[in-house]
Amino acid sequence: MRSSRVLDLILPQRCAGCATPLTAWCPTCARSLGAPVPVARPGLTSAYALGRYEGAARRAVLAYKERGRRELATHLGAALAAALPSIRAGPVVLIPAPSRPTAARARGGQHMAAVAHRCAAAVRATGQWASVVPALRLDPRAADSVGLDAPARAANLLGRLRPDPRHRPPPDIPAVLLDDVITTGATATACVSALRSTGVPVAAVLALTTAG
Ligand SMILES: [Zn+2]
């Protein structure tokens with residue numbers, strides 16, 4: 001266990017964005033994940049992000065993903081849920097972007113699936129219908145995409161994303177893909193393509209943050 005994670009367990013909870021004590025995610029930092037803004041990337045349509053991958057938003061994503069701050073899933077899911085109505089009204093199926101199995105094991109689970117479940121719970125609390133369908137999985141052979149340029153990242157992902165036959169979204173309900181960061185857009189584009197190849201159209205891509 002890394003020392004930073006040990007400290008996170010010992011010290012009182014602090015805001016993942018600004019280290020204010022006794023809160024996981026303070027109201028000021030929460031504003032860094034606000035109204036959805038369109039994200040333009042080649043080959044990607046109807047993509048949105050709640051904030052830039054910088055400052056408090058970036059620190060929160062990293063704390064959640066890499067530093068074991070699992071309680072942030074509730075806050076990140078709520079931020080996505082608040083944004084959904086302006087992108088897609090009515091019932092919605094949420095499809096989390098998958099992580100590699102080794103990365104998921106190191107993080108204690110598929111991190112975007114946990115956020116998606118919190119998002120669905122927040123949507124249902126408003127009286128709307130929402131469900132999570134983990135319709136995609138990533139083949140263990142997929143290499144870590146860190147450091148790869150856009151074409152290499154796309155090549156790494158395309159063909160390694162597999163629709164999960166155990167989890168098929170219901171027809172006729174719009175599907176929204178959820179991800180943490182849109183950088184080149186290669187991951188989201190590959191996910192949309194993989195879903196489309198099995199007859200699942202993706203109405204929109206909604207990410208917590210965008211970089212680049
Ligand atoms: Zn804060």
# chains A, B, ... in the order shown; residues from 1 in each chain; ligands from 1
call {"tool": "select_by_dssp", "arguments": {"residues": "stretch 21-205 of chain A", "states": "strand (DSSP E)", "output": "ChimeraX atom specification"}}
result
/A:37-38,47-52,92-96,130-132,136-138,161-163,175-182,202-205
call {"tool": "select_by_dssp", "arguments": {"residues": "stretch 10-203 of chain A", "states": "alpha helix (DSSP H)", "output": "PDB file with N, CA and C atoms, in the first residue's frame"}}
result
ATOM      1  N   ILE A  10      -5.567   7.233   7.737  1.00  0.00           N
ATOM      2  CA  ILE A  10      -5.315   7.636   9.123  1.00  0.00           C
ATOM      3  C   ILE A  10      -5.876   9.027   9.409  1.00  0.00           C
ATOM      4  N   PRO A  27     -18.320  22.349  -1.296  1.00  0.00           N
ATOM      5  CA  PRO A  27     -19.182  23.029  -2.276  1.00  0.00           C
ATOM      6  C   PRO A  27     -18.407  23.872  -3.283  1.00  0.00           C
ATOM      7  N   THR A  28     -17.302  24.484  -2.835  1.00  0.00           N
ATOM      8  CA  THR A  28     -16.509  25.305  -3.771  1.00  0.00           C
ATOM      9  C   THR A  28     -15.902  24.435  -4.858  1.00  0.00           C
ATOM     10  N   CYS A  29     -15.294  23.316  -4.459  1.00  0.00           N
ATOM     11  CA  CYS A  29     -14.675  22.424  -5.449  1.00  0.00           C
ATOM     12  C   CYS A  29     -15.728  21.748  -6.318  1.00  0.00           C
ATOM     13  N   ALA A  30     -16.921  21.527  -5.741  1.00  0.00           N
ATOM     14  CA  ALA A  30     -17.989  20.882  -6.516  1.00  0.00           C
ATOM     15  C   ALA A  30     -18.348  21.706  -7.745  1.00  0.00           C
ATOM     16  N   GLY A  55      -6.885  21.339 -11.786  1.00  0.00           N
ATOM     17  CA  GLY A  55      -7.276  21.837 -10.474  1.00  0.00           C
ATOM     18  C   GLY A  55      -8.032  20.820  -9.638  1.00  0.00           C
ATOM     19  N   ALA A  56      -9.081  21.308  -8.985  1.00  0.00           N
ATOM     20  CA  ALA A  56      -9.836  20.475  -8.047  1.00  0.00           C
ATOM     21  C   ALA A  56     -10.464  19.260  -8.739  1.00  0.00           C
ATOM     22  N   ALA A  57     -10.987  19.466  -9.942  1.00  0.00           N
ATOM     23  CA  ALA A  57     -11.644  18.353 -10.651  1.00  0.00           C
ATOM     24  C   ALA A  57     -10.644  17.233 -10.931  1.00  0.00           C
ATOM     25  N   ARG A  58      -9.463  17.613 -11.394  1.00  0.00           N
ATOM     26  CA  ARG A  58      -8.430  16.612 -11.689  1.00  0.00           C
ATOM     27  C   ARG A  58      -8.001  15.895 -10.408  1.00  0.00           C
ATOM     28  N   ARG A  59      -7.809  16.679  -9.341  1.00  0.00           N
ATOM     29  CA  ARG A  59      -7.390  16.058  -8.079  1.00  0.00           C
ATOM     30  C   ARG A  59      -8.453  15.077  -7.568  1.00  0.00           C
ATOM     31  N   ALA A  60      -9.722  15.424  -7.764  1.00  0.00           N
ATOM     32  CA  ALA A  60     -10.792  14.535  -7.293  1.00  0.00           C
ATOM     33  C   ALA A  60     -10.833  13.241  -8.106  1.00  0.00           C
ATOM     34  N   VAL A  61     -10.693  13.369  -9.419  1.00  0.00           N
ATOM     35  CA  VAL A  61     -10.700  12.165 -10.267  1.00  0.00           C
ATOM     36  C   VAL A  61      -9.539  11.259  -9.879  1.00  0.00           C
ATOM     37  N   LEU A  62      -8.356  11.858  -9.685  1.00  0.00           N
ATOM     38  CA  LEU A  62      -7.178  11.057  -9.337  1.00  0.00           C
ATOM     39  C   LEU A  62      -7.314  10.454  -7.934  1.00  0.00           C
ATOM     40  N   ALA A  63      -7.852  11.232  -6.990  1.00  0.00           N
ATOM     41  CA  ALA A  63      -8.017  10.711  -5.628  1.00  0.00           C
ATOM     42  C   ALA A  63      -8.978   9.520  -5.630  1.00  0.00           C
ATOM     43  N   TYR A  64     -10.022   9.651  -6.427  1.00  0.00           N
ATOM     44  CA  TYR A  64     -10.993   8.557  -6.516  1.00  0.00           C
ATOM     45  C   TYR A  64     -10.389   7.332  -7.205  1.00  0.00           C
ATOM     46  N   LYS A  65      -9.735   7.577  -8.322  1.00  0.00           N
ATOM     47  CA  LYS A  65      -9.246   6.484  -9.158  1.00  0.00           C
ATOM     48  C   LYS A  65      -8.006   5.811  -8.600  1.00  0.00           C
ATOM     49  N   GLU A  66      -7.063   6.616  -8.150  1.00  0.00           N
ATOM     50  CA  GLU A  66      -5.735   6.093  -7.836  1.00  0.00           C
ATOM     51  C   GLU A  66      -5.393   6.099  -6.350  1.00  0.00           C
ATOM     52  N   LEU A  72     -15.794   9.169  -2.927  1.00  0.00           N
ATOM     53  CA  LEU A  72     -16.026  10.218  -3.926  1.00  0.00           C
ATOM     54  C   LEU A  72     -16.975   9.764  -5.027  1.00  0.00           C
ATOM     55  N   ALA A  73     -17.180   8.460  -5.164  1.00  0.00           N
ATOM     56  CA  ALA A  73     -18.097   7.956  -6.203  1.00  0.00           C
ATOM     57  C   ALA A  73     -19.474   8.596  -6.062  1.00  0.00           C
ATOM     58  N   THR A  74     -19.914   8.802  -4.829  1.00  0.00           N
ATOM     59  CA  THR A  74     -21.228   9.402  -4.601  1.00  0.00           C
ATOM     60  C   THR A  74     -21.275  10.821  -5.154  1.00  0.00           C
ATOM     61  N   HIS A  75     -20.229  11.602  -4.885  1.00  0.00           N
ATOM     62  CA  HIS A  75     -20.201  13.001  -5.332  1.00  0.00           C
ATOM     63  C   HIS A  75     -20.037  13.095  -6.854  1.00  0.00           C
ATOM     64  N   LEU A  76     -19.179  12.244  -7.402  1.00  0.00           N
ATOM     65  CA  LEU A  76     -18.965  12.276  -8.848  1.00  0.00           C
ATOM     66  C   LEU A  76     -20.230  11.795  -9.571  1.00  0.00           C
ATOM     67  N   GLY A  77     -20.870  10.775  -9.019  1.00  0.00           N
ATOM     68  CA  GLY A  77     -22.121  10.281  -9.604  1.00  0.00           C
ATOM     69  C   GLY A  77     -23.226  11.321  -9.538  1.00  0.00           C
ATOM     70  N   ALA A  78     -23.289  12.046  -8.438  1.00  0.00           N
ATOM     71  CA  ALA A  78     -24.319  13.083  -8.289  1.00  0.00           C
ATOM     72  C   ALA A  78     -24.091  14.209  -9.293  1.00  0.00           C
ATOM     73  N   ALA A  79     -22.824  14.553  -9.537  1.00  0.00           N
ATOM     74  CA  ALA A  79     -22.519  15.615 -10.506  1.00  0.00           C
ATOM     75  C   ALA A  79     -22.967  15.195 -11.906  1.00  0.00           C
ATOM     76  N   LEU A  80     -22.737  13.934 -12.257  1.00  0.00           N
ATOM     77  CA  LEU A  80     -23.182  13.442 -13.568  1.00  0.00           C
ATOM     78  C   LEU A  80     -24.706  13.429 -13.642  1.00  0.00           C
ATOM     79  N   ALA A  81     -25.345  13.010 -12.555  1.00  0.00           N
ATOM     80  CA  ALA A  81     -26.811  12.939 -12.538  1.00  0.00           C
ATOM     81  C   ALA A  81     -27.424  14.322 -12.720  1.00  0.00           C
ATOM     82  N   ALA A  82     -26.809  15.333 -12.110  1.00  0.00           N
ATOM     83  CA  ALA A  82     -27.333  16.690 -12.237  1.00  0.00           C
ATOM     84  C   ALA A  82     -27.230  17.188 -13.674  1.00  0.00           C
ATOM     85  N   ALA A  83     -26.239  16.677 -14.403  1.00  0.00           N
ATOM     86  CA  ALA A  83     -26.026  17.128 -15.778  1.00  0.00           C
ATOM     87  C   ALA A  83     -26.902  16.391 -16.784  1.00  0.00           C
ATOM     88  N   LEU A  84     -27.324  15.189 -16.444  1.00  0.00           N
ATOM     89  CA  LEU A  84     -28.018  14.335 -17.423  1.00  0.00           C
ATOM     90  C   LEU A  84     -29.267  14.967 -18.037  1.00  0.00           C
ATOM     91  N   PRO A  85     -30.153  15.602 -17.252  1.00  0.00           N
ATOM     92  CA  PRO A  85     -31.400  16.094 -17.854  1.00  0.00           C
ATOM     93  C   PRO A  85     -31.187  17.077 -18.998  1.00  0.00           C
ATOM     94  N   SER A  86     -30.085  17.854 -18.953  1.00  0.00           N
ATOM     95  CA  SER A  86     -29.867  18.812 -20.031  1.00  0.00           C
ATOM     96  C   SER A  86     -29.302  18.136 -21.277  1.00  0.00           C
ATOM     97  N   ILE A  87     -28.887  16.886 -21.148  1.00  0.00           N
ATOM     98  CA  ILE A  87     -28.371  16.140 -22.299  1.00  0.00           C
ATOM     99  C   ILE A  87     -29.426  15.180 -22.834  1.00  0.00           C
ATOM    100  N   PRO A 101      -8.878  -5.206 -16.623  1.00  0.00           N
ATOM    101  CA  PRO A 101      -9.085  -6.001 -15.400  1.00  0.00           C
ATOM    102  C   PRO A 101      -7.990  -5.814 -14.359  1.00  0.00           C
ATOM    103  N   THR A 102      -6.729  -5.693 -14.804  1.00  0.00           N
ATOM    104  CA  THR A 102      -5.649  -5.526 -13.816  1.00  0.00           C
ATOM    105  C   THR A 102      -5.768  -4.181 -13.111  1.00  0.00           C
ATOM    106  N   ALA A 103      -6.118  -3.128 -13.871  1.00  0.00           N
ATOM    107  CA  ALA A 103      -6.291  -1.802 -13.259  1.00  0.00           C
ATOM    108  C   ALA A 103      -7.476  -1.830 -12.304  1.00  0.00           C
ATOM    109  N   ALA A 104      -8.550  -2.507 -12.707  1.00  0.00           N
ATOM    110  CA  ALA A 104      -9.745  -2.581 -11.854  1.00  0.00           C
ATOM    111  C   ALA A 104      -9.424  -3.307 -10.549  1.00  0.00           C
ATOM    112  N   ARG A 105      -8.649  -4.372 -10.639  1.00  0.00           N
ATOM    113  CA  ARG A 105      -8.285  -5.117  -9.424  1.00  0.00           C
ATOM    114  C   ARG A 105      -7.479  -4.228  -8.485  1.00  0.00           C
ATOM    115  N   ALA A 106      -6.529  -3.477  -9.054  1.00  0.00           N
ATOM    116  CA  ALA A 106      -5.686  -2.602  -8.224  1.00  0.00           C
ATOM    117  C   ALA A 106      -6.512  -1.508  -7.561  1.00  0.00           C
ATOM    118  N   ARG A 107      -7.601  -1.107  -8.218  1.00  0.00           N
ATOM    119  CA  ARG A 107      -8.422  -0.003  -7.697  1.00  0.00           C
ATOM    120  C   ARG A 107      -9.598  -0.502  -6.867  1.00  0.00           C
ATOM    121  N   HIS A 111     -13.944   1.375 -11.712  1.00  0.00           N
ATOM    122  CA  HIS A 111     -14.220   2.655 -11.031  1.00  0.00           C
ATOM    123  C   HIS A 111     -15.381   3.415 -11.656  1.00  0.00           C
ATOM    124  N   MET A 112     -15.541   3.368 -12.990  1.00  0.00           N
ATOM    125  CA  MET A 112     -16.659   4.112 -13.573  1.00  0.00           C
ATOM    126  C   MET A 112     -17.995   3.394 -13.358  1.00  0.00           C
ATOM    127  N   ALA A 113     -17.960   2.081 -13.149  1.00  0.00           N
ATOM    128  CA  ALA A 113     -19.205   1.368 -12.831  1.00  0.00           C
ATOM    129  C   ALA A 113     -19.748   1.838 -11.489  1.00  0.00           C
ATOM    130  N   ALA A 114     -18.858   2.009 -10.524  1.00  0.00           N
ATOM    131  CA  ALA A 114     -19.308   2.475  -9.206  1.00  0.00           C
ATOM    132  C   ALA A 114     -19.892   3.880  -9.300  1.00  0.00           C
ATOM    133  N   VAL A 115     -19.257   4.746 -10.090  1.00  0.00           N
ATOM    134  CA  VAL A 115     -19.790   6.108 -10.282  1.00  0.00           C
ATOM    135  C   VAL A 115     -21.149   6.042 -10.986  1.00  0.00           C
ATOM    136  N   ALA A 116     -21.255   5.162 -11.985  1.00  0.00           N
ATOM    137  CA  ALA A 116     -22.514   5.036 -12.725  1.00  0.00           C
ATOM    138  C   ALA A 116     -23.656   4.595 -11.806  1.00  0.00           C
ATOM    139  N   HIS A 117     -23.365   3.678 -10.899  1.00  0.00           N
ATOM    140  CA  HIS A 117     -24.419   3.227  -9.970  1.00  0.00           C
ATOM    141  C   HIS A 117     -24.855   4.369  -9.049  1.00  0.00           C
ATOM    142  N   ARG A 118     -23.902   5.183  -8.596  1.00  0.00           N
ATOM    143  CA  ARG A 118     -24.267   6.332  -7.755  1.00  0.00           C
ATOM    144  C   ARG A 118     -25.054   7.354  -8.574  1.00  0.00           C
ATOM    145  N   CYS A 119     -24.659   7.510  -9.832  1.00  0.00           N
ATOM    146  CA  CYS A 119     -25.368   8.430 -10.722  1.00  0.00           C
ATOM    147  C   CYS A 119     -26.814   7.958 -10.913  1.00  0.00           C
ATOM    148  N   ALA A 120     -26.991   6.662 -11.180  1.00  0.00           N
ATOM    149  CA  ALA A 120     -28.339   6.117 -11.386  1.00  0.00           C
ATOM    150  C   ALA A 120     -29.195   6.304 -10.137  1.00  0.00           C
ATOM    151  N   ALA A 121     -28.592   6.093  -8.972  1.00  0.00           N
ATOM    152  CA  ALA A 121     -29.339   6.263  -7.719  1.00  0.00           C
ATOM    153  C   ALA A 121     -29.793   7.715  -7.565  1.00  0.00           C
ATOM    154  N   ALA A 122     -28.917   8.654  -7.926  1.00  0.00           N
ATOM    155  CA  ALA A 122     -29.273  10.072  -7.823  1.00  0.00           C
ATOM    156  C   ALA A 122     -30.369  10.440  -8.822  1.00  0.00           C
ATOM    157  N   VAL A 123     -30.305   9.854 -10.026  1.00  0.00           N
ATOM    158  CA  VAL A 123     -31.361  10.109 -11.024  1.00  0.00           C
ATOM    159  C   VAL A 123     -32.692   9.553 -10.527  1.00  0.00           C
ATOM    160  N   ARG A 124     -32.663   8.330 -10.003  1.00  0.00           N
ATOM    161  CA  ARG A 124     -33.914   7.700  -9.517  1.00  0.00           C
ATOM    162  C   ARG A 124     -34.504   8.489  -8.351  1.00  0.00           C
ATOM    163  N   ALA A 125     -33.648   9.112  -7.570  1.00  0.00           N
ATOM    164  CA  ALA A 125     -34.136   9.921  -6.438  1.00  0.00           C
ATOM    165  C   ALA A 125     -34.958  11.108  -6.921  1.00  0.00           C
ATOM    166  N   ALA A 150      -2.767   9.480 -29.982  1.00  0.00           N
ATOM    167  CA  ALA A 150      -4.156   9.142 -30.328  1.00  0.00           C
ATOM    168  C   ALA A 150      -4.280   7.908 -31.231  1.00  0.00           C
ATOM    169  N   PRO A 151      -3.533   7.824 -32.331  1.00  0.00           N
ATOM    170  CA  PRO A 151      -3.678   6.633 -33.187  1.00  0.00           C
ATOM    171  C   PRO A 151      -3.293   5.345 -32.458  1.00  0.00           C
ATOM    172  N   ALA A 152      -2.212   5.415 -31.649  1.00  0.00           N
ATOM    173  CA  ALA A 152      -1.788   4.215 -30.918  1.00  0.00           C
ATOM    174  C   ALA A 152      -2.829   3.813 -29.876  1.00  0.00           C
ATOM    175  N   ARG A 153      -3.439   4.814 -29.261  1.00  0.00           N
ATOM    176  CA  ARG A 153      -4.459   4.553 -28.254  1.00  0.00           C
ATOM    177  C   ARG A 153      -5.681   3.889 -28.904  1.00  0.00           C
ATOM    178  N   ALA A 154      -6.069   4.411 -30.051  1.00  0.00           N
ATOM    179  CA  ALA A 154      -7.219   3.845 -30.758  1.00  0.00           C
ATOM    180  C   ALA A 154      -6.930   2.409 -31.184  1.00  0.00           C
ATOM    181  N   ALA A 155      -5.712   2.181 -31.702  1.00  0.00           N
ATOM    182  CA  ALA A 155      -5.354   0.838 -32.137  1.00  0.00           C
ATOM    183  C   ALA A 155      -5.328  -0.130 -30.961  1.00  0.00           C
ATOM    184  N   ASN A 156      -4.902   0.386 -29.815  1.00  0.00           N
ATOM    185  CA  ASN A 156      -4.836  -0.434 -28.606  1.00  0.00           C
ATOM    186  C   ASN A 156      -6.235  -0.852 -28.149  1.00  0.00           C
ATOM    187  N   LEU A 157      -7.164   0.064 -28.314  1.00  0.00           N
ATOM    188  CA  LEU A 157      -8.504  -0.186 -27.788  1.00  0.00           C
ATOM    189  C   LEU A 157      -9.407  -0.919 -28.773  1.00  0.00           C
ATOM    190  N   ALA A 186     -10.243   8.873 -28.002  1.00  0.00           N
ATOM    191  CA  ALA A 186     -10.090   7.526 -28.561  1.00  0.00           C
ATOM    192  C   ALA A 186     -10.859   6.481 -27.757  1.00  0.00           C
ATOM    193  N   THR A 187     -10.800   6.587 -26.435  1.00  0.00           N
ATOM    194  CA  THR A 187     -11.501   5.597 -25.604  1.00  0.00           C
ATOM    195  C   THR A 187     -12.995   5.665 -25.844  1.00  0.00           C
ATOM    196  N   ALA A 188     -13.548   6.878 -25.779  1.00  0.00           N
ATOM    197  CA  ALA A 188     -14.996   7.032 -25.953  1.00  0.00           C
ATOM    198  C   ALA A 188     -15.418   6.590 -27.350  1.00  0.00           C
ATOM    199  N   THR A 189     -14.639   6.961 -28.357  1.00  0.00           N
ATOM    200  CA  THR A 189     -14.979   6.584 -29.727  1.00  0.00           C
ATOM    201  C   THR A 189     -14.968   5.073 -29.891  1.00  0.00           C
ATOM    202  N   ALA A 190     -13.968   4.427 -29.307  1.00  0.00           N
ATOM    203  CA  ALA A 190     -13.890   2.963 -29.404  1.00  0.00           C
ATOM    204  C   ALA A 190     -15.068   2.310 -28.677  1.00  0.00           C
ATOM    205  N   CYS A 191     -15.451   2.855 -27.541  1.00  0.00           N
ATOM    206  CA  CYS A 191     -16.607   2.311 -26.805  1.00  0.00           C
ATOM    207  C   CYS A 191     -17.882   2.455 -27.621  1.00  0.00           C
ATOM    208  N   VAL A 192     -18.083   3.632 -28.206  1.00  0.00           N
ATOM    209  CA  VAL A 192     -19.289   3.879 -29.009  1.00  0.00           C
ATOM    210  C   VAL A 192     -19.319   2.926 -30.199  1.00  0.00           C
ATOM    211  N   SER A 193     -18.159   2.740 -30.851  1.00  0.00           N
ATOM    212  CA  SER A 193     -18.092   1.847 -32.010  1.00  0.00           C
ATOM    213  C   SER A 193     -18.407   0.413 -31.613  1.00  0.00           C
ATOM    214  N   ALA A 194     -17.838  -0.023 -30.490  1.00  0.00           N
ATOM    215  CA  ALA A 194     -18.058  -1.406 -30.046  1.00  0.00           C
ATOM    216  C   ALA A 194     -19.525  -1.634 -29.730  1.00  0.00           C
ATOM    217  N   LEU A 195     -20.167  -0.667 -29.117  1.00  0.00           N
ATOM    218  CA  LEU A 195     -21.592  -0.806 -28.787  1.00  0.00           C
ATOM    219  C   LEU A 195     -22.432  -0.778 -30.057  1.00  0.00           C
ATOM    220  N   ARG A 196     -22.094   0.134 -30.975  1.00  0.00           N
ATOM    221  CA  ARG A 196     -22.858   0.232 -32.215  1.00  0.00           C
ATOM    222  C   ARG A 196     -22.771  -1.061 -33.009  1.00  0.00           C
ATOM    223  N   SER A 197     -21.608  -1.726 -32.949  1.00  0.00           N
ATOM    224  CA  SER A 197     -21.423  -2.966 -33.715  1.00  0.00           C
ATOM    225  C   SER A 197     -22.350  -4.078 -33.225  1.00  0.00           C
TER     226      SER A 197
END
call {"tool": "closest_atom_pairs", "arguments": {"of": "chain A", "to": "ligand 1", "cutoff": "9 Å", "atoms": "only C-alpha atoms and all ligand atoms", "output": "JSON lines"}}
result
{"residue": "A:Arg14", "atom": "CA", "partner": "ligand 1", "partner_atom_place_in_ligand_line": "1 (Zn)", "distance": 8.1}
{"residue": "A:Cys15", "atom": "CA", "partner": "ligand 1", "partner_atom_place_in_ligand_line": "1 (Zn)", "distance": 4.7}
{"residue": "A:Ala16", "atom": "CA", "partner": "ligand 1", "partner_atom_place_in_ligand_line": "1 (Zn)", "distance": 6.3}
{"residue": "A:Gly17", "atom": "CA", "partner": "ligand 1", "partner_atom_place_in_ligand_line": "1 (Zn)", "distance": 4.4}
{"residue": "A:Cys18", "atom": "CA", "partner": "ligand 1", "partner_atom_place_in_ligand_line": "1 (Zn)", "distance": 4.0}
{"residue": "A:Ala19", "atom": "CA", "partner": "ligand 1", "partner_atom_place_in_ligand_line": "1 (Zn)", "distance": 6.1}
{"residue": "A:Thr20", "atom": "CA", "partner": "ligand 1", "partner_atom_place_in_ligand_line": "1 (Zn)", "distance": 5.7}
{"residue": "A:Pro21", "atom": "CA", "partner": "ligand 1", "partner_atom_place_in_ligand_line": "1 (Zn)", "distance": 8.8}
{"residue": "A:Thr23", "atom": "CA", "partner": "ligand 1", "partner_atom_place_in_ligand_line": "1 (Zn)", "distance": 8.0}
{"residue": "A:Ala24", "atom": "CA", "partner": "ligand 1", "partner_atom_place_in_ligand_line": "1 (Zn)", "distance": 7.9}
{"residue": "A:Trp25", "atom": "CA", "partner": "ligand 1", "partner_atom_place_in_ligand_line": "1 (Zn)", "distance": 5.5}
{"residue": "A:Cys26", "atom": "CA", "partner": "ligand 1", "partner_atom_place_in_ligand_line": "1 (Zn)", "distance": 4.2}
{"residue": "A:Pro27", "atom": "CA", "partner": "ligand 1", "partner_atom_place_in_ligand_line": "1 (Zn)", "distance": 6.7}
{"residue": "A:Thr28", "atom": "CA", "partner": "ligand 1", "partner_atom_place_in_ligand_line": "1 (Zn)", "distance": 5.7}
{"residue": "A:Cys29", "atom": "CA", "partner": "ligand 1", "partner_atom_place_in_ligand_line": "1 (Zn)", "distance": 4.3}
{"residue": "A:Ala30", "atom": "CA", "partner": "ligand 1", "partner_atom_place_in_ligand_line": "1 (Zn)", "distance": 7.2}
{"residue": "A:Ala56", "atom": "CA", "partner": "ligand 1", "partner_atom_place_in_ligand_line": "1 (Zn)", "distance": 6.9}
call {"tool": "closest_residue", "arguments": {"among": "A:Ala135, A:Pro169, A:Ala89, A:Gly34", "to": "A:Ala207", "atoms": "only C-alpha atoms"}}
result
A:Gly34
call {"tool": "atom_distance", "arguments": {"atom1": "atom CA of A:Val181", "atom2": "atom CA of A:Gln13"}}
result
24.6 Å
call {"tool": "atom_distance", "arguments": {"atom1": "atom CA of A:Leu136", "atom2": "atom CA of A:Val92"}}
result
16.7 Å
call {"tool": "residues_around", "arguments": {"residues": "A:Leu94", "least_positions_apart": "2", "cutoff": "7 Å", "atoms": "only C-alpha atoms", "output": "number ranges by chain"}}
result
A: 92, 96, 116, 131-133, 175-178
call {"tool": "write_last_selection", "arguments": {"atoms": "C-alpha atoms", "output": "compact mmCIF listing (two decimals), in the first residue's frame"}}
result
# COMPACT_ATOMS: atom_id res chain seq x y z
CA VAL A 92 -31.70 6.42 -19.57
CA PRO A 96 -19.67 2.82 -17.77
CA ALA A 116 -22.51 5.04 -12.73
CA SER A 131 -30.28 1.79 -14.90
CA VAL A 132 -26.63 0.78 -15.17
CA VAL A 133 -25.65 -1.82 -17.74
CA ALA A 175 -27.83 4.79 -23.70
CA VAL A 176 -25.31 7.25 -22.30
CA LEU A 177 -21.66 6.28 -21.98
CA LEU A 178 -19.99 7.55 -18.80
call {"tool": "closest_residue", "arguments": {"among": "A:Leu161, A:Ile173, A:Ala40, A:Leu22", "to": "A:Val205", "atoms": "only C-alpha atoms"}}
result
A:Ala40
